[in-house]
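K.L.:
One structure coming up, written as structure tokens, with questions to follow.
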Amino acid sequence: MPILPLIAFLFDTTLTVQLRELQHIAILHSLDPLLHFASHGLTLIVSALILYLLGIHLRRRSLYETGKLLIISFMSAGLTAQLLKHLFGRARPRVTGDILFIGPTLKGGYDSFPSGHTTVAFSFAYVLAYLFPRYGVFFYVAALFTGFERVIHASHFFSDVCAGAVIGLFIGNAVIRFFGEGRSGKELQSSRVIR
């Protein structure tokens, strides 16, 4: 799976141009405001905080654990993506259609690789699918739409999104392993009351 972004580089320009053509499809165009809102970092962190605080207030471990894991996932994925973006210094598609890395920089427009939105979305999807396996397909489809939205609007190349997906899955897995207290999703959800 880590090879996917490398393969994506081979077809980056072609796939990015083809995906951008999808913005003219009516259903995608009408869903755009919803996708933008749902994948926004503020929406995600506020949702995670609400779950966490509701879990404490209602003494519901399932809400508390879900919120806690999502907060850790958001912070880990967001920080990792930001560090990598500024380390690689890749130009965004709206800057140039070519593959251009300038190396470490804080210069605007040169923070395309990897896609931070996609990294966080796939990290969230992994955590949520682990906790609620019945709805896993929904969470991953939502993460995919987040990535496609970033390409369609010329914020990222296809390979940026592929790299974000791989990194997000890796981070989601690490969050579950290190902070899920070694319990399965079912066990985390069945612990009803915070003591």
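Letters A, B, ... go to the chains of the structure tokens in the order shown; residues in each chain start at 1; ligands are counted from 1 in the same order.
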Determine, using only C-alpha atoms, which residues of stretch 52-90 of chain A have any atom at most 9 Å from an atom of stretch 112-134 of chain A, and tabulate each with its shortest atom pair and distance in Å to one decimal place, rows ordered by chain and then rising number, as a Markdown table.

P.N.:
```
| residue | atom | partner | partner_atom | distance |
| --- | --- | --- | --- | --- |
| A:Thr66 | CA | A:Leu131 | CA | 7.5 |
| A:Leu69 | CA | A:Val127 | CA | 7.1 |
| A:Leu70 | CA | A:Phe124 | CA | 6.3 |
| A:Ser73 | CA | A:Ser123 | CA | 6.1 |
| A:Phe74 | CA | A:Val120 | CA | 5.9 |
| A:Met75 | CA | A:Val120 | CA | 8.6 |
| A:Ser76 | CA | A:Val120 | CA | 8.5 |
| A:Ala77 | CA | A:Val120 | CA | 5.3 |
| A:Gly78 | CA | A:Val120 | CA | 6.2 |
| A:Leu79 | CA | A:Gly116 | CA | 8.8 |
| A:Thr80 | CA | A:Gly116 | CA | 8.5 |
| A:Ala81 | CA | A:Gly116 | CA | 5.1 |
| A:Gln82 | CA | A:Gly116 | CA | 6.9 |
| A:Leu84 | CA | A:Pro114 | CA | 6.9 |
| A:Lys85 | CA | A:Phe113 | CA | 5.1 |
| A:His86 | CA | A:Phe113 | CA | 8.4 |
| A:Phe88 | CA | A:Phe113 | CA | 6.8 |
| A:Gly89 | CA | A:Ser112 | CA | 7.2 |
| A:Arg90 | CA | A:Ser112 | CA | 5.3 |
```

K.L.:
Excluding A:Phe179 and its own-chain neighbours fewer than 4 positions away, which residues fall within 10 Å of it when counting only C-alpha atoms? Please give them as a short mmCIF file (atom, residue, chain, number, x, y, z; two decimals) with C-alpha atoms, in the first residue's frame.

P.N.:
```cif
data_model
loop_
_atom_site.label_atom_id
_atom_site.label_comp_id
_atom_site.auth_asym_id
_atom_site.auth_seq_id
_atom_site.Cartn_x
_atom_site.Cartn_y
_atom_site.Cartn_z
CA GLU A 65 -13.37 6.80 24.01
CA LYS A 68 -10.59 10.77 22.76
CA LEU A 69 -9.37 8.59 19.90
CA ILE A 72 -5.62 12.08 19.15
CA SER A 73 -6.12 11.01 15.54
CA ASN A 173 -3.88 2.22 13.11
CA ALA A 174 -1.21 3.63 15.44
CA VAL A 175 -3.81 5.61 17.42
CA ARG A 183 -9.33 -3.46 23.38
#
```

K.L.:
Within 10 Å of A:Ser159, counting only C-alpha atoms, which residues show up once you throw out same-chain ones fewer than 2 positions away? Write them as an mmCIF file with C-alpha atoms, in the first residue's frame, please.

P.N.:
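Okay, part.cif is ready:
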```
data_model
loop_
_atom_site.group_PDB
_atom_site.id
_atom_site.type_symbol
_atom_site.label_atom_id
_atom_site.label_comp_id
_atom_site.auth_asym_id
_atom_site.auth_seq_id
_atom_site.Cartn_x
_atom_site.Cartn_y
_atom_site.Cartn_z
ATOM 1 C CA LEU A 4 0.476 3.609 -4.143
ATOM 2 C CA PRO A 5 1.618 7.262 -3.944
ATOM 3 C CA LEU A 6 4.788 6.395 -5.870
ATOM 4 C CA ILE A 7 2.767 4.743 -8.636
ATOM 5 C CA ALA A 8 0.359 7.703 -8.594
ATOM 6 C CA PHE A 9 3.276 10.029 -9.472
ATOM 7 C CA LEU A 10 3.553 8.277 -12.840
ATOM 8 C CA PHE A 11 -0.002 9.261 -13.764
ATOM 9 C CA ASP A 12 -0.298 12.408 -11.670
ATOM 10 C CA THR A 13 -0.880 15.007 -14.362
ATOM 11 C CA LEU A 15 -5.354 11.709 -13.391
ATOM 12 C CA THR A 16 -5.446 15.160 -11.826
ATOM 13 C CA SER A 112 0.666 20.207 -1.494
ATOM 14 C CA PHE A 113 2.248 16.867 -0.513
ATOM 15 C CA PRO A 114 0.595 15.113 1.279
ATOM 16 C CA SER A 115 -3.021 16.274 1.431
ATOM 17 C CA VAL A 151 -8.145 17.150 -6.425
ATOM 18 C CA HIS A 156 -3.828 18.752 -4.658
ATOM 19 C CA PHE A 157 -2.482 16.333 -7.200
ATOM 20 C CA VAL A 161 -4.282 12.457 -1.933
ATOM 21 C CA CYS A 162 -2.944 8.887 -2.247
ATOM 22 C CA ALA A 163 -0.089 9.720 0.125
ATOM 23 C CA GLY A 164 -2.519 11.375 2.548
ATOM 24 C CA ALA A 165 -4.720 8.262 2.509
#
```

K.L.:
Give me, as JSON, numbers by chain, the residues of stretch 30-134 of chain A that a backbone DSSP run labels helix (DSSP H, G or I).

P.N.:
{"A": [30, 31, 32, 33, 34, 35, 36, 37, 38, 39, 41, 42, 43, 44, 45, 46, 47, 48, 49, 50, 51, 52, 53, 54, 55, 56, 57, 58, 61, 62, 63, 64, 65, 66, 67, 68, 69, 70, 71, 72, 73, 74, 75, 76, 77, 78, 79, 80, 81, 82, 83, 84, 85, 86, 87, 88, 116, 117, 118, 119, 120, 121, 122, 123, 124, 125, 126, 127, 128, 129, 130, 131, 133, 134]}

K.L.:
Could you please determine the separation between atom CA of A:Leu19 and atom CA of A:Ile152 in Å, to one decimal place?

P.N.:
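The value is 5.7 Å.
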
K.L.:
Please identify all polymer residues within 7 Å of A:Leu63, counting only C-alpha atoms, omitting same-chain residues fewer than 5 positions from it, and present them as a PyMOL selection string.

P.N.:
chain A and resi 51-52+54-55
